[in-house]
file start.cif (mmCIF, C-alpha atoms)
data_data
#
loop_
_atom_site.group_PDB
_atom_site.id
_atom_site.type_symbol
_atom_site.label_atom_id
_atom_site.label_comp_id
_atom_site.auth_asym_id
_atom_site.auth_seq_id
_atom_site.Cartn_x
_atom_site.Cartn_y
_atom_site.Cartn_z
ATOM 1 C CA MET U 30 51.842 104.395 113.742
ATOM 2 C CA GLU U 31 49.640 104.827 116.832
ATOM 3 C CA GLN U 32 47.322 107.216 115.014
ATOM 4 C CA ARG U 33 47.011 104.840 112.075
ATOM 5 C CA VAL U 34 45.765 102.117 114.428
ATOM 6 C CA ASN U 35 43.190 104.617 115.666
ATOM 7 C CA PHE U 36 42.180 105.270 112.021
ATOM 8 C CA LYS U 37 41.395 101.604 111.596
ATOM 9 C CA PHE U 38 39.591 101.389 114.930
ATOM 10 C CA CYS U 39 37.320 104.328 114.128
ATOM 11 C CA PHE U 40 36.745 102.963 110.608
ATOM 12 C CA LYS U 41 35.584 99.643 112.070
ATOM 13 C CA LEU U 42 33.224 101.543 114.434
ATOM 14 C CA GLY U 43 31.608 103.254 111.443
ATOM 15 C CA LYS U 44 32.952 106.711 112.146
ATOM 16 C CA THR U 45 33.472 109.108 109.264
ATOM 17 C CA ALA U 46 36.853 110.536 108.366
ATOM 18 C CA THR U 47 35.813 113.980 109.640
ATOM 19 C CA GLU U 48 34.661 112.607 112.994
ATOM 20 C CA THR U 49 37.854 110.587 113.294
ATOM 21 C CA HIS U 50 40.019 113.649 112.650
ATOM 22 C CA GLU U 51 38.114 115.677 115.270
ATOM 23 C CA MET U 52 38.714 112.970 117.886
ATOM 24 C CA LEU U 53 42.417 112.813 116.984
ATOM 25 C CA VAL U 54 42.749 116.582 117.422
ATOM 26 C CA THR U 55 41.074 116.294 120.826
ATOM 27 C CA VAL U 56 43.554 113.611 121.952
ATOM 28 C CA TYR U 57 46.809 114.577 120.186
ATOM 29 C CA GLY U 58 46.361 118.297 119.720
ATOM 30 C CA VAL U 59 48.903 119.869 117.360
ATOM 31 C CA GLU U 60 50.551 116.474 116.855
ATOM 32 C CA ALA U 61 47.474 115.061 115.161
ATOM 33 C CA VAL U 62 47.774 114.202 111.463
ATOM 34 C CA SER U 63 46.060 116.308 108.844
ATOM 35 C CA LYS U 64 42.491 115.685 107.695
ATOM 36 C CA LYS U 65 43.805 114.847 104.220
ATOM 37 C CA CYS U 66 45.881 112.002 105.675
ATOM 38 C CA VAL U 67 42.817 110.611 107.511
ATOM 39 C CA PHE U 68 40.741 110.654 104.291
ATOM 40 C CA GLU U 69 43.526 108.847 102.395
ATOM 41 C CA TRP U 70 43.670 106.034 104.966
ATOM 42 C CA PHE U 71 39.896 105.705 105.066
ATOM 43 C CA LYS U 72 39.963 105.280 101.279
ATOM 44 C CA ARG U 73 42.570 102.502 101.646
ATOM 45 C CA PHE U 74 40.456 100.730 104.248
ATOM 46 C CA ARG U 75 37.407 100.931 101.966
ATOM 47 C CA ASP U 76 39.531 99.406 99.171
ATOM 48 C CA GLY U 77 40.221 96.411 101.393
ATOM 49 C CA LYS U 78 43.602 97.318 102.923
ATOM 50 C CA GLU U 79 43.986 95.921 106.423
ATOM 51 C CA ASP U 80 47.673 96.636 107.150
ATOM 52 C CA VAL U 81 48.580 100.038 108.625
ATOM 53 C CA GLU U 82 52.182 99.834 107.369
ATOM 54 C CA ASP U 83 53.386 101.856 104.374
ATOM 55 C CA GLU U 84 53.680 100.163 101.023
ATOM 56 C CA PRO U 85 57.258 99.084 100.234
ATOM 57 C CA ARG U 86 59.001 101.524 97.929
ATOM 58 C CA SER U 87 61.447 100.492 95.274
ATOM 59 C CA GLY U 88 63.363 103.741 95.545
ATOM 60 C CA ARG U 89 65.439 105.345 92.873
ATOM 61 C CA PRO U 90 67.058 102.659 90.724
ATOM 62 C CA PRO U 91 70.888 102.742 90.919
ATOM 63 C CA THR U 92 71.294 103.343 87.218
ATOM 64 C CA SER U 93 74.877 104.648 87.582
ATOM 65 C CA THR U 94 76.271 101.908 89.829
ATOM 66 C CA THR U 95 76.277 99.180 87.228
ATOM 67 C CA PRO U 96 78.812 96.390 86.649
ATOM 68 C CA ASP U 97 79.864 98.156 83.454
ATOM 69 C CA ASN U 98 80.577 101.453 85.229
ATOM 70 C CA ILE U 99 82.362 99.645 88.050
ATOM 71 C CA GLU U 100 84.667 97.970 85.546
ATOM 72 C CA ARG U 101 85.273 101.241 83.703
ATOM 73 C CA VAL U 102 86.203 102.991 86.954
ATOM 74 C CA ARG U 103 88.525 100.110 87.827
ATOM 75 C CA ARG U 104 90.352 100.443 84.499
ATOM 76 C CA MET U 105 90.625 104.230 84.831
ATOM 77 C CA LEU U 106 92.193 103.946 88.286
ATOM 78 C CA ALA U 107 94.568 101.270 87.040
ATOM 79 C CA ASP U 108 95.792 103.656 84.338
ATOM 80 C CA ASP U 109 96.034 106.722 86.597
ATOM 81 C CA ARG U 110 95.753 106.358 90.381
ATOM 82 C CA ARG U 111 95.713 110.126 90.930
ATOM 83 C CA LEU U 112 92.424 110.807 89.152
ATOM 84 C CA SER U 113 89.953 112.874 91.133
ATOM 85 C CA LEU U 114 86.294 111.990 91.623
ATOM 86 C CA ARG U 115 85.269 114.924 89.468
ATOM 87 C CA MET U 116 87.504 113.847 86.579
ATOM 88 C CA ILE U 117 86.047 110.325 86.650
ATOM 89 C CA ALA U 118 82.479 111.645 86.888
ATOM 90 C CA GLU U 119 82.967 113.938 83.889
ATOM 91 C CA GLU U 120 84.509 111.134 81.840
ATOM 92 C CA LEU U 121 81.753 108.602 82.590
ATOM 93 C CA LYS U 122 78.902 111.163 82.671
ATOM 94 C CA ILE U 123 77.712 110.054 86.113
ATOM 95 C CA SER U 124 77.318 111.866 89.435
ATOM 96 C CA LEU U 125 80.070 112.408 92.003
ATOM 97 C CA ASP U 126 78.122 110.392 94.578
ATOM 98 C CA SER U 127 77.935 107.430 92.192
ATOM 99 C CA VAL U 128 81.685 107.569 91.564
ATOM 100 C CA SER U 129 82.386 107.790 95.293
ATOM 101 C CA ASN U 130 80.072 104.833 95.956
ATOM 102 C CA ILE U 131 81.761 102.736 93.260
ATOM 103 C CA ILE U 132 85.295 103.480 94.491
ATOM 104 C CA HIS U 133 84.671 103.111 98.219
ATOM 105 C CA ALA U 134 81.862 100.546 98.465
ATOM 106 C CA HIS U 135 82.539 98.311 95.455
ATOM 107 C CA LEU U 136 86.246 98.704 94.670
ATOM 108 C CA GLN U 137 87.156 99.474 98.322
ATOM 109 C CA LYS U 138 89.954 101.844 97.358
ATOM 110 C CA PRO U 139 90.821 104.659 99.783
ATOM 111 C CA LYS U 140 92.907 107.561 98.489
ATOM 112 C CA ILE U 141 96.113 107.779 100.508
ATOM 113 C CA CYS U 142 98.833 110.409 100.362
ATOM 114 C CA ALA U 143 102.410 109.256 99.881
ATOM 115 C CA ARG U 144 104.602 109.299 102.990
ATOM 116 C CA PHE U 145 107.748 111.363 102.641
ATOM 117 C CA VAL U 146 110.964 109.468 103.345
ATOM 118 C CA PRO U 147 114.520 110.854 103.281
ATOM 119 C CA HIS U 148 115.642 108.417 100.612
ATOM 120 C CA LYS U 149 114.118 105.647 98.553
ATOM 121 C CA LEU U 150 116.343 102.639 99.042
ATOM 122 C CA SER U 151 117.204 100.204 96.283
ATOM 123 C CA ASP U 152 116.740 96.454 96.688
ATOM 124 C CA GLU U 153 120.477 96.060 97.263
ATOM 125 C CA GLN U 154 120.476 98.693 100.013
ATOM 126 C CA LYS U 155 117.477 97.048 101.697
ATOM 127 C CA GLN U 156 119.217 93.697 101.580
ATOM 128 C CA HIS U 157 122.344 95.278 103.062
ATOM 129 C CA GLN U 158 120.255 96.706 105.906
ATOM 130 C CA MET U 159 118.724 93.320 106.657
ATOM 131 C CA GLU U 160 122.120 91.587 106.671
ATOM 132 C CA THR U 161 123.623 94.218 108.982
ATOM 133 C CA CYS U 162 120.690 93.987 111.383
ATOM 134 C CA GLY U 163 121.052 90.204 111.336
ATOM 135 C CA ASP U 164 124.728 90.528 112.222
ATOM 136 C CA PHE U 165 123.867 92.791 115.171
ATOM 137 C CA ILE U 166 121.271 90.313 116.429
ATOM 138 C CA ASP U 167 123.735 87.436 116.140
ATOM 139 C CA ALA U 168 126.346 89.455 118.039
ATOM 140 C CA CYS U 169 123.833 90.126 120.839
ATOM 141 C CA ASP U 170 122.993 86.417 121.002
ATOM 142 C CA ARG U 171 126.674 85.479 121.283
ATOM 143 C CA ASN U 172 127.474 88.210 123.786
ATOM 144 C CA PRO U 173 124.623 89.569 125.989
ATOM 145 C CA GLN U 174 126.852 92.566 126.859
ATOM 146 C CA PHE U 175 127.373 93.481 123.211
ATOM 147 C CA LEU U 176 125.301 96.678 123.392
ATOM 148 C CA GLU U 177 127.218 97.800 126.478
ATOM 149 C CA THR U 178 130.455 97.840 124.448
ATOM 150 C CA ILE U 179 129.119 100.274 121.833
ATOM 151 C CA VAL U 180 130.081 103.944 121.879
ATOM 152 C CA THR U 181 127.966 105.930 119.444
ATOM 153 C CA GLY U 182 127.762 109.562 118.497
ATOM 154 C CA ASP U 183 126.373 112.067 116.091
ATOM 155 C CA GLU U 184 126.049 115.773 115.351
ATOM 156 C CA LEU U 185 123.130 117.967 116.436
ATOM 157 C CA TRP U 186 122.284 121.564 115.581
ATOM 158 C CA CYS U 187 121.390 123.660 118.647
ATOM 159 C CA TYR U 188 119.475 126.845 117.832
ATOM 160 C CA GLN U 189 119.252 130.061 119.790
ATOM 161 C CA TYR U 190 115.467 129.644 119.695
ATOM 162 C CA VAL U 191 113.214 126.786 118.563
ATOM 163 C CA PRO U 192 109.413 127.223 118.771
ATOM 164 C CA GLU U 193 107.619 124.859 121.079
ATOM 165 C CA ILE U 194 105.557 122.131 119.475
ATOM 166 C CA LYS U 195 101.778 122.265 119.447
ATOM 167 C CA ARG U 196 101.432 119.673 122.193
ATOM 168 C CA GLN U 197 103.538 121.790 124.540
ATOM 169 C CA SER U 198 101.009 124.641 124.279
ATOM 170 C CA MET U 199 98.136 122.515 125.608
ATOM 171 C CA GLU U 200 96.468 123.883 128.738
ATOM 172 C CA TRP U 201 93.391 123.100 130.810
ATOM 173 C CA CYS U 202 90.442 125.399 130.090
ATOM 174 C CA SER U 203 86.945 125.714 131.452
ATOM 175 C CA SER U 204 83.890 125.702 129.202
ATOM 176 C CA SER U 205 83.721 129.517 129.345
ATOM 177 C CA SER U 206 87.421 130.120 128.717
ATOM 178 C CA PRO U 207 88.472 131.483 125.317
ATOM 179 C CA LEU U 208 90.454 129.164 123.099
ATOM 180 C CA PRO U 209 94.211 129.673 123.535
ATOM 181 C CA LYS U 210 96.042 131.171 120.567
ATOM 182 C CA LYS U 211 99.694 131.444 119.612
ATOM 183 C CA CYS U 212 101.571 132.988 116.723
ATOM 184 C CA ARG U 213 103.403 130.839 114.234
ATOM 185 C CA LEU U 214 107.126 131.276 114.821
ATOM 186 C CA THR U 215 110.222 129.937 113.119
ATOM 187 C CA LYS U 216 113.489 128.803 114.622
ATOM 188 C CA SER U 217 116.331 131.279 114.678
ATOM 189 C CA ARG U 218 119.150 131.366 112.177
ATOM 190 C CA ILE U 219 121.761 131.549 114.921
ATOM 191 C CA LYS U 220 122.893 128.024 115.742
ATOM 192 C CA THR U 221 125.836 125.954 116.876
ATOM 193 C CA LEU U 222 126.781 122.351 116.115
ATOM 194 C CA LEU U 223 127.035 119.880 118.982
ATOM 195 C CA ILE U 224 128.997 116.628 118.647
ATOM 196 C CA ALA U 225 128.167 114.091 121.347
ATOM 197 C CA PHE U 226 129.248 110.520 122.102
ATOM 198 C CA PHE U 227 127.644 108.201 124.648
ATOM 199 C CA ASP U 228 127.254 104.559 125.587
ATOM 200 C CA SER U 229 124.543 102.582 127.364
ATOM 201 C CA ASN U 230 125.471 104.190 130.712
ATOM 202 C CA SER U 231 125.719 107.919 130.065
ATOM 203 C CA LEU U 232 127.277 110.699 128.045
ATOM 204 C CA ILE U 233 131.001 110.239 127.489
ATOM 205 C CA HIS U 234 132.145 113.242 125.483
ATOM 206 C CA HIS U 235 130.611 116.304 123.889
ATOM 207 C CA GLU U 236 131.909 119.475 122.324
ATOM 208 C CA PHE U 237 130.586 122.376 120.306
ATOM 209 C CA VAL U 238 132.114 123.116 116.939
ATOM 210 C CA PRO U 239 133.582 126.650 116.920
ATOM 211 C CA ALA U 240 131.772 129.144 114.740
ATOM 212 C CA GLY U 241 133.096 129.207 111.197
ATOM 213 C CA THR U 242 134.639 125.733 111.460
ATOM 214 C CA THR U 243 133.657 123.124 108.897
ATOM 215 C CA VAL U 244 133.371 119.514 110.012
ATOM 216 C CA ASN U 245 135.689 117.685 107.641
ATOM 217 C CA ALA U 246 138.036 114.718 107.917
ATOM 218 C CA GLU U 247 140.728 116.749 109.670
ATOM 219 C CA SER U 248 138.450 118.300 112.282
ATOM 220 C CA TYR U 249 136.627 115.024 112.900
ATOM 221 C CA GLU U 250 139.928 113.255 113.461
ATOM 222 C CA GLY U 251 140.625 115.796 116.193
ATOM 223 C CA VAL U 252 137.233 115.051 117.737
ATOM 224 C CA LEU U 253 138.041 111.328 117.771
ATOM 225 C CA LYS U 254 141.392 111.974 119.447
ATOM 226 C CA ARG U 255 139.660 113.849 122.254
ATOM 227 C CA LEU U 256 137.044 111.079 122.432
ATOM 228 C CA LEU U 257 139.723 108.422 122.960
ATOM 229 C CA GLN U 258 141.326 110.495 125.697
ATOM 230 C CA ARG U 259 137.942 110.892 127.344
ATOM 231 C CA ILE U 260 137.174 107.168 127.165
ATOM 232 C CA ARG U 261 140.544 106.438 128.775
ATOM 233 C CA ARG U 262 139.585 108.704 131.724
ATOM 234 C CA VAL U 263 135.899 107.905 132.281
ATOM 235 C CA ARG U 264 135.765 104.308 130.956
ATOM 236 C CA PRO U 265 139.212 102.920 131.837
ATOM 237 C CA GLN U 266 138.122 99.274 131.945
ATOM 238 C CA LEU U 267 136.383 99.559 128.604
ATOM 239 C CA TYR U 268 139.395 101.283 127.089
ATOM 240 C CA GLN U 269 141.951 98.821 128.441
ATOM 241 C CA SER U 270 139.951 95.795 127.347
ATOM 242 C CA GLY U 271 140.004 97.018 123.762
ATOM 243 C CA GLN U 272 136.578 95.446 123.242
ATOM 244 C CA TRP U 273 134.643 98.650 122.738
ATOM 245 C CA LYS U 274 133.227 99.480 119.315
ATOM 246 C CA LEU U 275 132.441 102.759 117.586
ATOM 247 C CA LEU U 276 129.121 103.268 115.812
ATOM 248 C CA HIS U 277 128.639 106.395 113.750
ATOM 249 C CA ASP U 278 126.810 107.085 110.514
ATOM 250 C CA ASN U 279 128.449 107.180 107.104
ATOM 251 C CA VAL U 280 128.581 110.897 106.322
ATOM 252 C CA ARG U 281 131.691 111.871 104.397
ATOM 253 C CA PRO U 282 133.867 113.073 107.302
ATOM 254 C CA HIS U 283 133.175 109.812 109.171
ATOM 255 C CA ILE U 284 134.193 107.520 106.310
ATOM 256 C CA ALA U 285 137.070 109.568 104.936
ATOM 257 C CA ILE U 286 140.309 107.670 104.325
ATOM 258 C CA ARG U 287 142.141 109.830 106.845
ATOM 259 C CA VAL U 288 139.605 108.982 109.568
ATOM 260 C CA ARG U 289 139.638 105.279 108.704
ATOM 261 C CA GLN U 290 143.416 105.157 108.883
ATOM 262 C CA PHE U 291 143.400 106.937 112.239
ATOM 263 C CA LEU U 292 140.890 104.474 113.726
ATOM 264 C CA ALA U 293 142.820 101.510 112.280
ATOM 265 C CA THR U 294 146.104 102.650 113.874
ATOM 266 C CA ARG U 295 144.300 102.975 117.234
ATOM 267 C CA ASN U 296 142.763 99.476 116.837
ATOM 268 C CA VAL U 297 139.246 100.861 117.105
ATOM 269 C CA THR U 298 136.548 98.529 115.772
ATOM 270 C CA VAL U 299 133.974 100.427 113.720
ATOM 271 C CA LEU U 300 130.568 98.811 113.332
ATOM 272 C CA GLU U 301 129.134 98.812 109.846
ATOM 273 C CA HIS U 302 126.408 101.341 109.200
ATOM 274 C CA PRO U 303 124.464 100.830 105.929
ATOM 275 C CA PRO U 304 123.667 103.924 103.832
ATOM 276 C CA TYR U 305 120.535 105.867 104.798
ATOM 277 C CA SER U 306 119.829 103.832 107.930
ATOM 278 C CA PRO U 307 118.921 106.294 110.697
ATOM 279 C CA ASP U 308 117.041 103.543 112.534
ATOM 280 C CA LEU U 309 120.404 101.875 113.280
ATOM 281 C CA ALA U 310 121.871 105.077 114.737
ATOM 282 C CA LEU U 311 121.181 105.129 118.468
ATOM 283 C CA ALA U 312 121.592 108.907 118.575
ATOM 284 C CA VAL U 313 118.474 109.315 116.436
ATOM 285 C CA PHE U 314 116.387 108.040 119.347
ATOM 286 C CA LEU U 315 118.121 110.183 121.992
ATOM 287 C CA PHE U 316 118.523 113.578 120.336
ATOM 288 C CA PRO U 317 114.789 114.252 119.729
ATOM 289 C CA ARG U 318 114.174 113.803 123.466
ATOM 290 C CA LEU U 319 116.937 116.282 124.261
ATOM 291 C CA LYS U 320 115.704 118.813 121.703
ATOM 292 C CA ARG U 321 112.144 118.616 123.050
ATOM 293 C CA VAL U 322 113.330 120.075 126.364
ATOM 294 C CA LEU U 323 114.884 123.053 124.563
ATOM 295 C CA LYS U 324 111.811 123.919 122.497
ATOM 296 C CA GLY U 325 110.289 127.228 123.548
ATOM 297 C CA LEU U 326 113.455 128.428 125.310
ATOM 298 C CA ARG U 327 115.178 131.556 124.036
ATOM 299 C CA PHE U 328 118.889 132.060 124.667
ATOM 300 C CA SER U 329 120.668 135.381 124.515
ATOM 301 C CA ASP U 330 123.636 134.125 122.474
ATOM 302 C CA ILE U 331 125.529 131.046 121.324
ATOM 303 C CA ALA U 332 127.577 130.953 124.515
ATOM 304 C CA GLN U 333 124.444 130.571 126.622
ATOM 305 C CA THR U 334 123.151 127.896 124.252
ATOM 306 C CA SER U 335 126.382 125.929 124.666
ATOM 307 C CA ASN U 336 126.203 126.105 128.469
ATOM 308 C CA VAL U 337 122.775 124.479 128.780
#

call {"tool": "encode", "arguments": {"input": "start.cif", "output": "structure tokens"}}
result
Amino acid sequence: MEQRVNFKFCFKLGKTATETHEMLVTVYGVEAVSKKCVFEWFKRFRDGKEDVEDEPRSGRPPTSTTPDNIERVRRMLADDRRLSLRMIAEELKISLDSVSNIIHAHLQKPKICARFVPHKLSDEQKQHQMETCGDFIDACDRNPQFLETIVTGDELWCYQYVPEIKRQSMEWCSSSSPLPKKCRLTKSRIKTLLIAFFDSNSLIHHEFVPAGTTVNAESYEGVLKRLLQRIRRVRPQLYQSGQWKLLHDNVRPHIAIRVRQFLATRNVTVLEHPPYSPDLALAVFLFPRLKRVLKGLRFSDIAQTSNV
């Protein structure tokens, strides 16, 4: 822009285009515009142009981004939301950039992957979850110590070796240090099952299932017997009051008739746990923290794993 102003100044002084270019080279050196550019501007000034700005350009007309194409893309996505940009472009005979512009700028539709969930709940199951959560909230409102009376538990697989997560491998490096690398490993096949029960204070009872033993109604009843004995020793006031409540999920051994009858004869109140509701199981929030500490550790055998 500065050199264009100089074009006009020299033109008003009566300089020729060649003389003007020579002066520009003397001042600007290699950054001076070409002689052809100087001649073109001198011609514009002779034609009566006074402004040194460029003429506005209309640009390439957006022939593909039309209301008709926008509506056609909208209908195609309504019929099949998994269409790719290339499939839409080939169908409408327009460019990929035009399709992308229509979808993102005009229709404002991002393409999002589905999130994997363990189970897709029905409307009845969702309603059951809401009602159960409402009952828990009401119980907390009536009794502020309600959560302190809950004893909850669950099962957890403990492996001989579990690879550390990516975040655990982070390390400080200087600008000249090579990037750290690690091999992709898998967790070992050797494992043992831990059954743990705890309340709001601490761990109450835990035991490892012997190798080759299946957790069924009979074995789980034995676990509950040992749990009651443990509560009587470490939580005597809670046990004698009879106000404590058991919260466990609804896997088959937990809801078997034999287990229900055992808990009923011992006057143990079992809190309702809706199907597929891990967010209501307190152990779900504790066990990942415990497993994170074990990631990256390698034990020699199951016995050492059980003694951690």

call {"tool": "residues_around", "arguments": {"input": "start.cif", "residues": "stretch 227-232 of chain U", "least_positions_apart": "5", "cutoff": "9 Å", "atoms": "all atoms listed in the file", "output": "MDAnalysis selection string"}}
result
chainID U and resid 176:182 312

call {"tool": "atom_distance", "arguments": {"input": "start.cif", "atom1": "atom CA of U:Ile233", "atom2": "atom CA of U:Ile260"}}
result
6.9 Å

call {"tool": "resolve_selection", "arguments": {"input": "start.cif", "expression": "the PyMOL selection byres ((chain U and resi 124-133) around 10)", "output": "list of chain:residue names"}}
result
U:Pro91, U:Thr92, U:Ser93, U:Thr94, U:Thr95, U:Pro96, U:Asn98, U:Ile99, U:Glu100, U:Val102, U:Arg103, U:Leu106, U:Ser113, U:Leu114, U:Arg115, U:Met116, U:Ile117, U:Ala118, U:Glu119, U:Leu121, U:Lys122, U:Ile123, U:Ala134, U:His135, U:Leu136, U:Gln137, U:Lys138, U:Pro139, U:Lys140

call {"tool": "residues_around", "arguments": {"input": "start.cif", "residues": "U:Lys216", "least_positions_apart": "2", "cutoff": "7 Å", "atoms": "only C-alpha atoms", "output": "VMD selection string"}}
result
chain U and resid 190 to 192 214 218

call {"tool": "resolve_selection", "arguments": {"input": "start.cif", "expression": "the PyMOL selection byres ((chain U and resi 264-278) around 10)", "output": "PyMOL selection string"}}
result
chain U and resi 175-184+226+228+233+257-263+279-284+292+295-307+309-312

call {"tool": "resolve_selection", "arguments": {"input": "start.cif", "expression": "the PyMOL selection byres ((chain U and resi 209) around 9)", "output": "PyMOL selection string"}}
result
chain U and resi 198-200+202+206-208+210-211

call {"tool": "residues_around", "arguments": {"input": "start.cif", "residues": "U:Glu31", "least_positions_apart": "5", "cutoff": "12 Å", "atoms": "only C-alpha atoms", "output": "MDAnalysis selection string"}}
result
chainID U and resid 36:38 53 56:57 60:62 81:82

call {"tool": "closest_residue", "arguments": {"input": "start.cif", "among": "U:Val67, U:Gln174, U:Ala143, U:His235", "to": "U:His50", "atoms": "all atoms listed in the file"}}
result
U:Val67

call {"tool": "atom_distance", "arguments": {"input": "start.cif", "atom1": "atom CA of U:Ile219", "atom2": "atom CA of U:Gln189"}}
result
5.7 Å

call {"tool": "atom_distance", "arguments": {"input": "start.cif", "atom1": "atom CA of U:Val59", "atom2": "atom CA of U:Phe40"}}
result
21.9 Å
